[in-house]
$ cat protein31.cif   # mmCIF, C-alpha atoms
data_input
loop_
_atom_site.group_PDB
_atom_site.id
_atom_site.type_symbol
_atom_site.label_atom_id
_atom_site.label_comp_id
_atom_site.auth_asym_id
_atom_site.auth_seq_id
_atom_site.Cartn_x
_atom_site.Cartn_y
_atom_site.Cartn_z
ATOM 1 C CA MET A 1 -135.984 -136.418 110.588
ATOM 2 C CA LYS A 2 -134.655 -133.094 111.814
ATOM 3 C CA LYS A 3 -132.114 -133.069 109.032
ATOM 4 C CA GLY A 4 -134.907 -133.568 106.523
ATOM 5 C CA LEU A 5 -136.911 -130.672 108.002
ATOM 6 C CA ILE A 6 -133.861 -128.423 107.838
ATOM 7 C CA ILE A 7 -133.330 -129.260 104.177
ATOM 8 C CA VAL A 8 -136.990 -128.483 103.383
ATOM 9 C CA LEU A 9 -136.784 -125.212 105.341
ATOM 10 C CA VAL A 10 -133.635 -124.152 103.494
ATOM 11 C CA PHE A 11 -135.280 -124.963 100.153
ATOM 12 C CA VAL A 12 -138.392 -122.928 101.017
ATOM 13 C CA LEU A 13 -136.347 -119.930 102.185
ATOM 14 C CA SER A 14 -134.130 -120.092 99.082
ATOM 15 C CA PHE A 15 -137.166 -120.219 96.810
ATOM 16 C CA GLY A 16 -138.634 -117.220 98.647
ATOM 17 C CA PHE A 17 -135.457 -115.180 98.255
ATOM 18 C CA LEU A 18 -135.286 -116.153 94.587
ATOM 19 C CA GLN A 19 -138.884 -115.049 94.051
ATOM 20 C CA VAL A 20 -138.238 -111.683 95.746
ATOM 21 C CA ALA A 21 -135.148 -111.147 93.585
ATOM 22 C CA THR A 22 -137.143 -112.040 90.489
ATOM 23 C CA ASN A 23 -139.873 -109.557 91.435
ATOM 24 C CA LEU A 24 -137.325 -106.796 92.007
ATOM 25 C CA THR A 25 -135.699 -107.523 88.680
ATOM 26 C CA SER A 26 -139.081 -107.421 86.882
ATOM 27 C CA GLN A 27 -139.655 -103.903 88.159
ATOM 28 C CA GLY A 28 -136.966 -102.715 85.742
ATOM 29 C CA GLU A 29 -133.482 -101.297 85.571
ATOM 30 C CA THR A 30 -132.712 -97.689 86.553
ATOM 31 C CA LEU A 31 -130.587 -95.616 84.161
ATOM 32 C CA THR A 32 -129.392 -92.012 84.427
ATOM 33 C CA ALA A 33 -127.705 -89.527 82.099
ATOM 34 C CA THR A 34 -127.107 -85.781 81.797
ATOM 35 C CA ALA A 35 -127.108 -83.301 78.893
ATOM 36 C CA LYS A 36 -126.638 -79.561 78.556
ATOM 37 C CA GLY A 37 -129.863 -77.542 78.637
ATOM 38 C CA PHE A 38 -130.509 -73.823 78.218
ATOM 39 C CA GLY A 39 -129.425 -72.756 81.705
ATOM 40 C CA GLY A 40 -127.355 -75.700 82.848
ATOM 41 C CA ASP A 41 -127.350 -79.481 83.169
ATOM 42 C CA VAL A 42 -130.522 -81.512 82.691
ATOM 43 C CA THR A 43 -130.463 -84.971 84.293
ATOM 44 C CA VAL A 44 -132.886 -87.766 83.474
ATOM 45 C CA THR A 45 -133.673 -90.956 85.361
ATOM 46 C CA LEU A 46 -135.219 -93.849 83.444
ATOM 47 C CA ILE A 47 -136.703 -97.127 84.590
ATOM 48 C CA VAL A 48 -136.628 -99.672 81.772
ATOM 49 C CA ASP A 49 -137.935 -103.203 81.509
ATOM 50 C CA GLY A 50 -136.283 -104.855 78.571
ATOM 51 C CA ASP A 51 -137.032 -102.613 75.607
ATOM 52 C CA ASP A 52 -139.857 -100.831 77.410
ATOM 53 C CA ILE A 53 -139.372 -97.421 79.017
ATOM 54 C CA VAL A 54 -141.436 -97.729 82.185
ATOM 55 C CA SER A 55 -140.922 -94.164 83.422
ATOM 56 C CA VAL A 56 -138.835 -91.050 82.860
ATOM 57 C CA THR A 57 -138.148 -88.164 85.225
ATOM 58 C CA ALA A 58 -136.093 -85.066 84.469
ATOM 59 C CA VAL A 59 -134.450 -82.441 86.658
ATOM 60 C CA GLY A 60 -132.981 -79.133 85.504
ATOM 61 C CA ASP A 61 -132.947 -76.474 88.187
ATOM 62 C CA SER A 62 -131.361 -73.861 85.915
ATOM 63 C CA GLU A 63 -133.920 -74.063 83.099
ATOM 64 C CA THR A 64 -136.223 -71.101 82.499
ATOM 65 C CA GLN A 65 -139.268 -71.058 84.743
ATOM 66 C CA GLY A 66 -142.459 -71.224 82.704
ATOM 67 C CA ILE A 67 -140.593 -72.187 79.515
ATOM 68 C CA GLY A 68 -137.843 -74.773 79.983
ATOM 69 C CA SER A 69 -139.639 -75.943 83.131
ATOM 70 C CA ASN A 70 -142.620 -76.851 80.938
ATOM 71 C CA ALA A 71 -140.419 -79.285 79.030
ATOM 72 C CA ILE A 72 -139.085 -80.714 82.292
ATOM 73 C CA ALA A 73 -142.676 -81.319 83.455
ATOM 74 C CA GLN A 74 -144.293 -82.515 80.223
ATOM 75 C CA LEU A 75 -141.762 -84.246 77.974
ATOM 76 C CA PRO A 76 -140.732 -87.238 80.155
ATOM 77 C CA ALA A 77 -144.280 -88.639 80.088
ATOM 78 C CA LEU A 78 -144.418 -88.286 76.291
ATOM 79 C CA ILE A 79 -141.155 -90.221 75.968
ATOM 80 C CA ALA A 80 -142.345 -92.998 78.306
ATOM 81 C CA ASP A 81 -145.645 -93.203 76.439
ATOM 82 C CA ALA A 82 -143.889 -93.461 73.054
ATOM 83 C CA ASP A 83 -141.162 -95.782 74.380
ATOM 84 C CA SER A 84 -138.739 -93.504 72.536
ATOM 85 C CA ALA A 85 -137.095 -90.077 72.645
ATOM 86 C CA ASP A 86 -138.242 -89.560 69.051
ATOM 87 C CA VAL A 87 -141.126 -87.261 70.058
ATOM 88 C CA ASP A 88 -141.922 -83.603 69.461
ATOM 89 C CA GLY A 89 -140.368 -81.198 71.928
ATOM 90 C CA VAL A 90 -142.396 -78.738 73.983
ATOM 91 C CA SER A 91 -143.200 -75.600 71.985
ATOM 92 C CA GLY A 92 -141.017 -72.639 72.935
ATOM 93 C CA ALA A 93 -138.576 -74.800 74.906
ATOM 94 C CA THR A 94 -136.509 -76.344 72.133
ATOM 95 C CA ILE A 95 -133.158 -76.324 73.913
ATOM 96 C CA THR A 96 -134.471 -77.945 77.109
ATOM 97 C CA SER A 97 -136.498 -80.453 75.092
ATOM 98 C CA ASN A 98 -133.417 -81.436 73.082
ATOM 99 C CA ALA A 99 -131.402 -81.809 76.295
ATOM 100 C CA ILE A 100 -133.979 -84.188 77.766
ATOM 101 C CA LYS A 101 -134.098 -86.288 74.587
ATOM 102 C CA THR A 102 -130.305 -86.351 74.290
ATOM 103 C CA ALA A 103 -129.963 -87.450 77.916
ATOM 104 C CA VAL A 104 -132.589 -90.184 77.474
ATOM 105 C CA ASN A 105 -130.797 -91.517 74.412
ATOM 106 C CA ALA A 106 -127.479 -91.389 76.258
ATOM 107 C CA ALA A 107 -128.965 -93.398 79.123
ATOM 108 C CA LEU A 108 -130.269 -95.952 76.634
ATOM 109 C CA GLY A 109 -126.942 -96.062 74.822
ATOM 110 C CA ILE A 110 -128.367 -94.513 71.672
ATOM 111 C CA GLU A 111 -126.247 -91.940 69.868
ATOM 112 C CA SER A 112 -128.220 -88.714 69.247
ATOM 113 C CA ALA A 113 -127.955 -86.852 65.983
ATOM 114 C CA ALA A 114 -126.698 -83.302 66.327
ATOM 115 C CA GLU A 115 -129.625 -80.962 66.825
ATOM 116 C CA PRO A 116 -129.784 -77.710 64.833
ATOM 117 C CA ALA A 117 -129.261 -74.511 66.752
ATOM 118 C CA ALA A 118 -132.530 -73.225 68.212
ATOM 119 C CA PRO A 119 -133.700 -69.803 69.310
ATOM 120 C CA ALA A 120 -133.218 -68.871 72.943
ATOM 121 C CA GLU A 121 -136.203 -69.806 75.030
ATOM 122 C CA GLU A 122 -135.970 -66.989 77.538
ATOM 123 C CA PRO A 123 -135.294 -63.244 77.205
ATOM 124 C CA ALA A 124 -131.897 -62.923 75.561
ATOM 125 C CA LYS A 125 -130.522 -59.802 73.968
ATOM 126 C CA GLU A 126 -130.812 -59.806 70.227
ATOM 127 C CA THR A 127 -129.063 -58.011 67.456
ATOM 128 C CA SER A 128 -131.354 -56.672 64.776
ATOM 129 C CA ALA A 129 -131.191 -58.844 61.679
ATOM 130 C CA LYS A 130 -130.868 -55.790 59.467
ATOM 131 C CA PRO A 131 -128.477 -52.918 60.145
ATOM 132 C CA ALA A 132 -130.139 -49.616 60.790
ATOM 133 C CA GLU A 133 -130.353 -47.420 57.708
ATOM 134 C CA PRO A 134 -130.797 -43.654 57.557
ATOM 135 C CA ALA A 135 -134.468 -42.705 57.501
ATOM 136 C CA PRO A 136 -135.726 -41.658 54.058
ATOM 137 C CA GLU A 137 -136.342 -37.956 53.576
ATOM 138 C CA GLY A 138 -139.749 -37.022 54.943
ATOM 139 C CA ALA A 139 -140.089 -40.272 56.919
ATOM 140 C CA LEU A 140 -141.702 -40.174 60.350
ATOM 141 C CA THR A 141 -140.057 -41.739 63.386
ATOM 142 C CA ALA A 142 -141.157 -42.467 66.931
ATOM 143 C CA THR A 143 -140.101 -44.643 69.849
ATOM 144 C CA ALA A 144 -142.009 -46.655 72.449
ATOM 145 C CA LYS A 145 -141.011 -48.963 75.293
ATOM 146 C CA GLY A 146 -140.887 -52.654 74.377
ATOM 147 C CA PHE A 147 -140.136 -55.726 76.483
ATOM 148 C CA GLY A 148 -136.392 -55.265 76.737
ATOM 149 C CA GLY A 149 -135.945 -51.604 75.839
ATOM 150 C CA ASP A 150 -136.827 -48.989 73.244
ATOM 151 C CA VAL A 151 -138.488 -49.921 69.963
ATOM 152 C CA THR A 152 -138.083 -47.323 67.203
ATOM 153 C CA VAL A 153 -140.164 -47.248 64.034
ATOM 154 C CA THR A 154 -139.666 -45.425 60.757
ATOM 155 C CA VAL A 155 -142.842 -44.781 58.793
ATOM 156 C CA VAL A 156 -142.990 -43.605 55.192
ATOM 157 C CA VAL A 157 -146.319 -42.115 54.151
ATOM 158 C CA GLU A 158 -147.683 -40.835 50.892
ATOM 159 C CA GLY A 159 -150.684 -38.652 51.518
ATOM 160 C CA GLU A 160 -152.826 -40.748 53.839
ATOM 161 C CA ASP A 161 -151.295 -44.070 52.784
ATOM 162 C CA ILE A 162 -148.710 -45.898 54.875
ATOM 163 C CA VAL A 163 -146.120 -46.887 52.279
ATOM 164 C CA SER A 164 -143.727 -48.732 54.582
ATOM 165 C CA VAL A 165 -142.917 -49.361 58.232
ATOM 166 C CA THR A 166 -139.642 -50.605 59.679
ATOM 167 C CA ALA A 167 -138.976 -51.359 63.335
ATOM 168 C CA VAL A 168 -135.749 -51.741 65.326
ATOM 169 C CA GLY A 169 -135.431 -52.968 68.907
ATOM 170 C CA ASP A 170 -131.987 -54.281 69.776
ATOM 171 C CA SER A 171 -133.044 -55.345 73.268
ATOM 172 C CA GLU A 172 -136.100 -57.374 72.310
ATOM 173 C CA THR A 173 -136.055 -61.148 72.785
ATOM 174 C CA GLN A 174 -134.534 -63.139 69.946
ATOM 175 C CA GLY A 175 -137.090 -65.575 68.527
ATOM 176 C CA ILE A 176 -139.990 -63.847 70.298
ATOM 177 C CA GLY A 177 -139.918 -60.042 70.200
ATOM 178 C CA SER A 178 -137.722 -60.216 67.111
ATOM 179 C CA ASN A 179 -140.587 -61.990 65.328
ATOM 180 C CA ALA A 180 -142.817 -58.989 65.959
ATOM 181 C CA LEU A 181 -140.107 -56.622 64.672
ATOM 182 C CA GLU A 182 -139.903 -58.616 61.446
ATOM 183 C CA GLN A 183 -143.567 -59.448 60.840
ATOM 184 C CA LEU A 184 -145.764 -56.689 62.270
ATOM 185 C CA PRO A 185 -144.530 -53.651 60.250
ATOM 186 C CA GLY A 186 -145.578 -55.331 56.990
ATOM 187 C CA LYS A 187 -149.046 -56.040 58.385
ATOM 188 C CA ILE A 188 -149.464 -52.413 59.441
ATOM 189 C CA ALA A 189 -148.395 -51.117 56.035
ATOM 190 C CA GLU A 190 -150.712 -53.568 54.269
ATOM 191 C CA ALA A 191 -153.692 -52.623 56.463
ATOM 192 C CA ASP A 192 -152.836 -48.905 56.355
ATOM 193 C CA SER A 193 -153.546 -48.963 60.084
ATOM 194 C CA THR A 194 -152.203 -50.143 63.432
ATOM 195 C CA ASP A 195 -155.543 -51.839 64.062
ATOM 196 C CA VAL A 196 -154.058 -55.272 63.376
ATOM 197 C CA ASP A 197 -153.405 -58.334 65.527
ATOM 198 C CA GLY A 198 -150.059 -58.433 67.294
ATOM 199 C CA VAL A 199 -147.641 -61.319 66.847
ATOM 200 C CA SER A 200 -148.531 -64.272 69.062
ATOM 201 C CA GLY A 201 -146.316 -64.542 72.136
ATOM 202 C CA ALA A 202 -144.785 -61.092 71.619
ATOM 203 C CA THR A 203 -147.448 -58.820 73.065
ATOM 204 C CA TYR A 204 -145.095 -56.263 74.624
ATOM 205 C CA THR A 205 -143.086 -55.747 71.448
ATOM 206 C CA SER A 206 -146.195 -55.742 69.251
ATOM 207 C CA ASP A 207 -147.854 -53.091 71.402
ATOM 208 C CA ALA A 208 -144.683 -50.993 71.366
ATOM 209 C CA ILE A 209 -144.526 -51.105 67.561
ATOM 210 C CA LYS A 210 -148.172 -50.084 67.182
ATOM 211 C CA LYS A 211 -147.860 -47.314 69.761
ATOM 212 C CA ALA A 212 -144.735 -45.941 68.080
ATOM 213 C CA VAL A 213 -146.399 -46.008 64.640
ATOM 214 C CA ASP A 214 -149.421 -44.161 66.046
ATOM 215 C CA GLU A 215 -147.141 -41.517 67.553
ATOM 216 C CA ALA A 216 -145.221 -41.157 64.284
ATOM 217 C CA LEU A 217 -148.443 -40.658 62.329
ATOM 218 C CA ALA A 218 -149.738 -38.217 64.931
ATOM 219 C CA SER A 219 -146.573 -36.138 64.559
ATOM 220 C CA LYS A 220 -147.437 -35.712 60.872
ATOM 221 C CA GLY A 221 -150.799 -34.251 61.807
ATOM 222 C CA GLU A 222 -149.238 -31.952 64.385
ATOM 223 C CA ALA A 223 -146.658 -30.721 61.924
ATOM 224 C CA ALA A 224 -149.294 -29.665 59.418
ATOM 225 C CA ALA A 225 -150.733 -26.501 60.901
ATOM 226 C CA PRO A 226 -154.198 -25.587 59.637
ATOM 227 C CA ALA A 227 -154.240 -22.928 56.955
ATOM 228 C CA PRO A 228 -155.750 -19.579 57.905
ATOM 229 C CA ALA A 229 -159.497 -19.490 57.349
ATOM 230 C CA ALA A 230 -160.613 -17.783 54.158
ATOM 231 C CA ASP A 231 -162.429 -14.470 54.392
ATOM 232 C CA GLY A 232 -165.994 -15.056 55.480
ATOM 233 C CA ALA A 233 -165.264 -18.662 56.560
ATOM 234 C CA LEU A 234 -166.797 -19.934 59.763
ATOM 235 C CA THR A 235 -164.937 -21.960 62.357
ATOM 236 C CA GLY A 236 -166.038 -24.186 65.184
ATOM 237 C CA THR A 237 -164.370 -26.540 67.681
ATOM 238 C CA ALA A 238 -165.577 -29.562 69.616
ATOM 239 C CA LYS A 239 -164.007 -32.231 71.762
ATOM 240 C CA GLY A 240 -163.038 -35.400 69.892
ATOM 241 C CA PHE A 241 -161.634 -38.677 71.133
ATOM 242 C CA GLY A 242 -158.055 -37.510 71.663
ATOM 243 C CA GLY A 243 -158.435 -33.732 71.793
ATOM 244 C CA ASP A 244 -159.982 -30.758 70.010
ATOM 245 C CA VAL A 245 -161.398 -31.077 66.501
ATOM 246 C CA THR A 246 -161.636 -27.806 64.585
ATOM 247 C CA VAL A 247 -163.653 -27.251 61.405
ATOM 248 C CA THR A 248 -163.606 -24.482 58.842
ATOM 249 C CA VAL A 249 -166.861 -24.016 56.948
ATOM 250 C CA THR A 250 -167.619 -21.796 53.964
ATOM 251 C CA VAL A 251 -171.240 -21.081 53.075
ATOM 252 C CA ASP A 252 -173.242 -19.309 50.412
ATOM 253 C CA GLY A 253 -176.524 -18.349 51.964
ATOM 254 C CA ASP A 254 -177.935 -21.590 53.304
ATOM 255 C CA ASP A 255 -175.651 -23.771 51.232
ATOM 256 C CA ILE A 256 -172.586 -25.393 52.764
ATOM 257 C CA LEU A 257 -169.857 -25.035 50.135
ATOM 258 C CA THR A 258 -166.874 -26.558 51.905
ATOM 259 C CA VAL A 259 -165.969 -28.171 55.198
ATOM 260 C CA GLU A 260 -162.434 -28.867 56.385
ATOM 261 C CA ALA A 261 -161.597 -30.597 59.657
ATOM 262 C CA VAL A 262 -158.374 -30.810 61.656
ATOM 263 C CA GLY A 263 -157.782 -33.013 64.714
ATOM 264 C CA ALA A 264 -154.125 -33.760 65.315
ATOM 265 C CA ASP A 265 -154.842 -35.876 68.398
ATOM 266 C CA GLU A 266 -157.391 -38.206 66.828
ATOM 267 C CA THR A 267 -156.364 -41.842 66.362
ATOM 268 C CA PRO A 268 -154.561 -42.492 63.065
ATOM 269 C CA GLY A 269 -156.463 -45.015 60.997
ATOM 270 C CA ILE A 270 -159.658 -44.543 63.014
ATOM 271 C CA GLY A 271 -160.476 -40.954 63.995
ATOM 272 C CA SER A 272 -158.342 -39.755 61.087
ATOM 273 C CA ASN A 273 -160.731 -41.571 58.733
ATOM 274 C CA ALA A 274 -163.588 -39.427 60.006
ATOM 275 C CA ILE A 275 -161.454 -36.281 59.600
ATOM 276 C CA GLU A 276 -160.881 -37.201 55.950
ATOM 277 C CA GLN A 277 -164.258 -38.601 54.937
ATOM 278 C CA LEU A 278 -167.034 -36.940 56.911
ATOM 279 C CA PRO A 279 -166.644 -33.281 55.770
ATOM 280 C CA ALA A 280 -167.440 -34.232 52.157
ATOM 281 C CA LYS A 281 -170.572 -36.062 53.273
ATOM 282 C CA ILE A 282 -171.749 -32.991 55.170
ATOM 283 C CA VAL A 283 -171.163 -30.767 52.108
ATOM 284 C CA GLU A 284 -173.015 -33.210 49.847
ATOM 285 C CA ALA A 285 -175.976 -33.449 52.220
ATOM 286 C CA ASP A 286 -175.857 -29.715 53.008
ATOM 287 C CA SER A 287 -176.382 -30.832 56.583
ATOM 288 C CA THR A 288 -174.767 -32.517 59.538
ATOM 289 C CA GLU A 289 -177.612 -35.023 59.562
ATOM 290 C CA VAL A 290 -175.399 -37.730 58.093
ATOM 291 C CA ASP A 291 -174.073 -41.053 59.382
ATOM 292 C CA GLY A 292 -170.740 -40.911 61.126
ATOM 293 C CA VAL A 293 -167.736 -42.947 59.969
ATOM 294 C CA SER A 294 -167.875 -46.523 61.254
ATOM 295 C CA GLY A 295 -165.606 -47.122 64.230
ATOM 296 C CA ALA A 296 -164.940 -43.400 64.751
ATOM 297 C CA THR A 297 -168.053 -42.287 66.595
ATOM 298 C CA TYR A 298 -166.343 -39.788 68.907
ATOM 299 C CA THR A 299 -164.510 -37.980 66.114
ATOM 300 C CA SER A 300 -167.560 -38.050 63.832
ATOM 301 C CA ASN A 301 -169.742 -36.508 66.519
ATOM 302 C CA ALA A 302 -167.091 -33.873 67.222
ATOM 303 C CA ILE A 303 -166.966 -32.855 63.540
ATOM 304 C CA LYS A 304 -170.747 -32.551 63.313
ATOM 305 C CA GLU A 305 -170.928 -30.628 66.604
ATOM 306 C CA ALA A 306 -168.178 -28.251 65.465
ATOM 307 C CA VAL A 307 -169.902 -27.646 62.099
ATOM 308 C CA ASN A 308 -173.174 -26.902 63.881
ATOM 309 C CA ALA A 309 -171.366 -24.486 66.205
ATOM 310 C CA ALA A 310 -169.764 -22.753 63.199
ATOM 311 C CA LEU A 311 -173.112 -22.420 61.416
ATOM 312 C CA ALA A 312 -174.774 -21.127 64.568
ATOM 313 C CA ALA A 313 -172.209 -18.311 64.690
ATOM 314 C CA GLN A 314 -173.170 -17.147 61.182
#
$ encode --input "protein31.cif" --output "structure tokens"
Amino acid sequence: MKKGLIIVLVFVLSFGFLQVATNLTSQGETLTATAKGFGGDVTVTLIVDGDDIVSVTAVGDSETQGIGSNAIAQLPALIADADSADVDGVSGATITSNAIKTAVNAALGIESAAEPAAPAEEPAKETSAKPAEPAPEGALTATAKGFGGDVTVTVVVEGEDIVSVTAVGDSETQGIGSNALEQLPGKIAEADSTDVDGVSGATYTSDAIKKAVDEALASKGEAAAPAPAADGALTGTAKGFGGDVTVTVTVDGDDILTVEAVGADETPGIGSNAIEQLPAKIVEADSTEVDGVSGATYTSNAIKEAVNAALAAQ
């Protein structure tokens, strides 16, 4: 009887151990692998159940914080959800994304195709794609501080038109700031103004390019000194947006014959539009009771105030 009980007890315990082992096995197999990321090694840990990827975790302490780290945090779940490493990488973190996918495939025993070289995903010194060329005769140049260092622009103008803009910044980030250096100058030339949207993700470099172009255009205005006022001409000055705006007015009795305005510190492409356009309107209306130039309220008001001051001195 006792022998029979012992046999039953052994059978029950064996079945229990077998069931526990089966449950552990059903939870999946753990696999690990490592691949080279942007800053160092990226290691993944997978739990698989047959052909199913149950979970993926990734660790890469040397990847860029806020860029590569985004891939470390986001991509494993995408791979587990898709049951495959054949998913889109995290935008801006190509190298880390590729490392995670390569490591996952290695853990699964799948050979990864060679990935094409990708742009650096954190500030890395770049070499300008085009060698610097001598500035054309009469071109305007200026420099402003970008993300990594100085950004220098060369602006060619014809009258009031911006014919071309080129920008060089050897210390700006390849694949980020370099995009602004390549794309933004053409937009500025096309718009004839720096009042354009910067390149997404490259705010520092975009702002530096626009600031440098503004300074280059302003230097053109400063270089052109106003001509001496004609005999009998009236002058007046008022405060504009950036500095003084001076007008020269010629009259014949009560008629305003000509108005010229100079304001070297007014914003190119905004205040400069008022400097160019508003004097003719005042002459045509024979009065300063005219609408200002849209978007250039300060400069427009300064021109009208200066004309009124000149006429009051008659």
$ atom_distance --input "protein31.cif" --atom1 "CA of Gly50 (chain A)" --atom2 "CA of Glu29 (chain A)"
8.3 Å
$ closest_residue --input "protein31.cif" --among "A:Val153, A:Leu217, A:Ile72, A:Ala33" --to "Gly109 (chain A)" --atoms "only C-alpha atoms"
A:Ala33
$ atom_distance --input "protein31.cif" --atom1 "CA of Gly253 (chain A)" --atom2 "CA of Ala302 (chain A)"
23.7 Å
$ residues_around --input "protein31.cif" --residues "Glu266 (chain A)" --least-positions-apart "5" --cutoff "10 Å" --atoms "all atoms listed in the file" --output "PyMOL selection string"
chain A and resi 214+218+221+240-245+271-275+296+298-299
$ atom_distance --input "protein31.cif" --atom1 "CA of Ser69 (chain A)" --atom2 "CA of Tyr204 (chain A)"
22.1 Å
$ resolve_selection --input "protein31.cif" --expression "the PyMOL selection byres ((chain A and resi 44) around 10)" --output "ChimeraX atom specification"
/A:31-35,41-43,45-46,56-60,72,76,99-104,106-107
$ write_last_selection --input "protein31.cif" --atoms "C-alpha atoms" --output "short mmCIF file (atom, residue, chain, number, x, y, z; two decimals), keeping the file's coordinate frame"
data_model
loop_
_atom_site.label_atom_id
_atom_site.label_comp_id
_atom_site.auth_asym_id
_atom_site.auth_seq_id
_atom_site.Cartn_x
_atom_site.Cartn_y
_atom_site.Cartn_z
CA LEU A 31 -130.59 -95.62 84.16
CA THR A 32 -129.39 -92.01 84.43
CA ALA A 33 -127.70 -89.53 82.10
CA THR A 34 -127.11 -85.78 81.80
CA ALA A 35 -127.11 -83.30 78.89
CA ASP A 41 -127.35 -79.48 83.17
CA VAL A 42 -130.52 -81.51 82.69
CA THR A 43 -130.46 -84.97 84.29
CA THR A 45 -133.67 -90.96 85.36
CA LEU A 46 -135.22 -93.85 83.44
CA VAL A 56 -138.84 -91.05 82.86
CA THR A 57 -138.15 -88.16 85.22
CA ALA A 58 -136.09 -85.07 84.47
CA VAL A 59 -134.45 -82.44 86.66
CA GLY A 60 -132.98 -79.13 85.50
CA ILE A 72 -139.08 -80.71 82.29
CA PRO A 76 -140.73 -87.24 80.16
CA ALA A 99 -131.40 -81.81 76.30
CA ILE A 100 -133.98 -84.19 77.77
CA LYS A 101 -134.10 -86.29 74.59
CA THR A 102 -130.30 -86.35 74.29
CA ALA A 103 -129.96 -87.45 77.92
CA VAL A 104 -132.59 -90.18 77.47
CA ALA A 106 -127.48 -91.39 76.26
CA ALA A 107 -128.96 -93.40 79.12
#
$ residues_around --input "protein31.cif" --residues "Ala285 (chain A)" --least-positions-apart "5" --cutoff "12 Å" --atoms "all atoms listed in the file" --output "JSON, numbers by chain"
{"A": [255, 256, 257, 258, 259, 278, 279, 280, 290, 291]}
$ closest_residue --input "protein31.cif" --among "A:Glu190, A:Ser219, A:Thr248, A:Gln277" --to "Ala264 (chain A)" --atoms "only C-alpha atoms"
A:Ser219
$ closest_residue --input "protein31.cif" --among "A:Val163, A:Val151, A:Val156, A:Ala85" --to "Lys210 (chain A)" --atoms "only C-alpha atoms"
A:Val151
$ resolve_selection --input "protein31.cif" --expression "the PyMOL selection byres ((chain A and resi 64) around 8)" --output "VMD selection string"
chain A and resid 38 to 39 62 to 63 65 to 69 121 to 122
$ decode --input "protein31.cif" --residues "region 206-210 of chain A" --atoms "all heavy atoms" --output "PDB file, in the first residue's frame"
ATOM      1  N   SER A 206      19.490  78.648 -39.983  1.00  0.00           N
ATOM      2  CA  SER A 206      18.568  79.454 -40.791  1.00  0.00           C
ATOM      3  C   SER A 206      18.561  80.903 -40.328  1.00  0.00           C
ATOM      4  O   SER A 206      18.626  81.833 -41.142  1.00  0.00           O
ATOM      5  CB  SER A 206      17.150  78.877 -40.706  1.00  0.00           C
ATOM      6  OG  SER A 206      17.085  77.582 -41.253  1.00  0.00           O
ATOM      7  N   ASP A 207      18.479  81.088 -39.011  1.00  0.00           N
ATOM      8  CA  ASP A 207      18.467  82.455 -38.470  1.00  0.00           C
ATOM      9  C   ASP A 207      19.775  83.180 -38.770  1.00  0.00           C
ATOM     10  O   ASP A 207      19.782  84.389 -39.052  1.00  0.00           O
ATOM     11  CB  ASP A 207      18.230  82.427 -36.959  1.00  0.00           C
ATOM     12  CG  ASP A 207      16.790  82.066 -36.603  1.00  0.00           C
ATOM     13  OD1 ASP A 207      15.942  82.084 -37.524  1.00  0.00           O
ATOM     14  OD2 ASP A 207      16.517  81.767 -35.423  1.00  0.00           O
ATOM     15  N   ALA A 208      20.881  82.444 -38.705  1.00  0.00           N
ATOM     16  CA  ALA A 208      22.185  83.059 -38.993  1.00  0.00           C
ATOM     17  C   ALA A 208      22.255  83.512 -40.453  1.00  0.00           C
ATOM     18  O   ALA A 208      22.761  84.599 -40.751  1.00  0.00           O
ATOM     19  CB  ALA A 208      23.306  82.071 -38.696  1.00  0.00           C
ATOM     20  N   ILE A 209      21.741  82.696 -41.362  1.00  0.00           N
ATOM     21  CA  ILE A 209      21.759  83.061 -42.780  1.00  0.00           C
ATOM     22  C   ILE A 209      20.931  84.319 -43.005  1.00  0.00           C
ATOM     23  O   ILE A 209      21.374  85.270 -43.667  1.00  0.00           O
ATOM     24  CB  ILE A 209      21.210  81.903 -43.643  1.00  0.00           C
ATOM     25  CG1 ILE A 209      22.172  80.706 -43.597  1.00  0.00           C
ATOM     26  CG2 ILE A 209      20.996  82.349 -45.097  1.00  0.00           C
ATOM     27  CD1 ILE A 209      21.586  79.432 -44.187  1.00  0.00           C
ATOM     28  N   LYS A 210      19.728  84.351 -42.445  1.00  0.00           N
ATOM     29  CA  LYS A 210      18.849  85.509 -42.651  1.00  0.00           C
ATOM     30  C   LYS A 210      19.444  86.776 -42.026  1.00  0.00           C
ATOM     31  O   LYS A 210      19.390  87.858 -42.627  1.00  0.00           O
ATOM     32  CB  LYS A 210      17.458  85.213 -42.091  1.00  0.00           C
ATOM     33  CG  LYS A 210      16.735  84.136 -42.885  1.00  0.00           C
ATOM     34  CD  LYS A 210      15.251  84.060 -42.558  1.00  0.00           C
ATOM     35  CE  LYS A 210      14.998  83.255 -41.321  1.00  0.00           C
ATOM     36  NZ  LYS A 210      13.545  83.045 -41.095  1.00  0.00           N
TER      37      LYS A 210
END
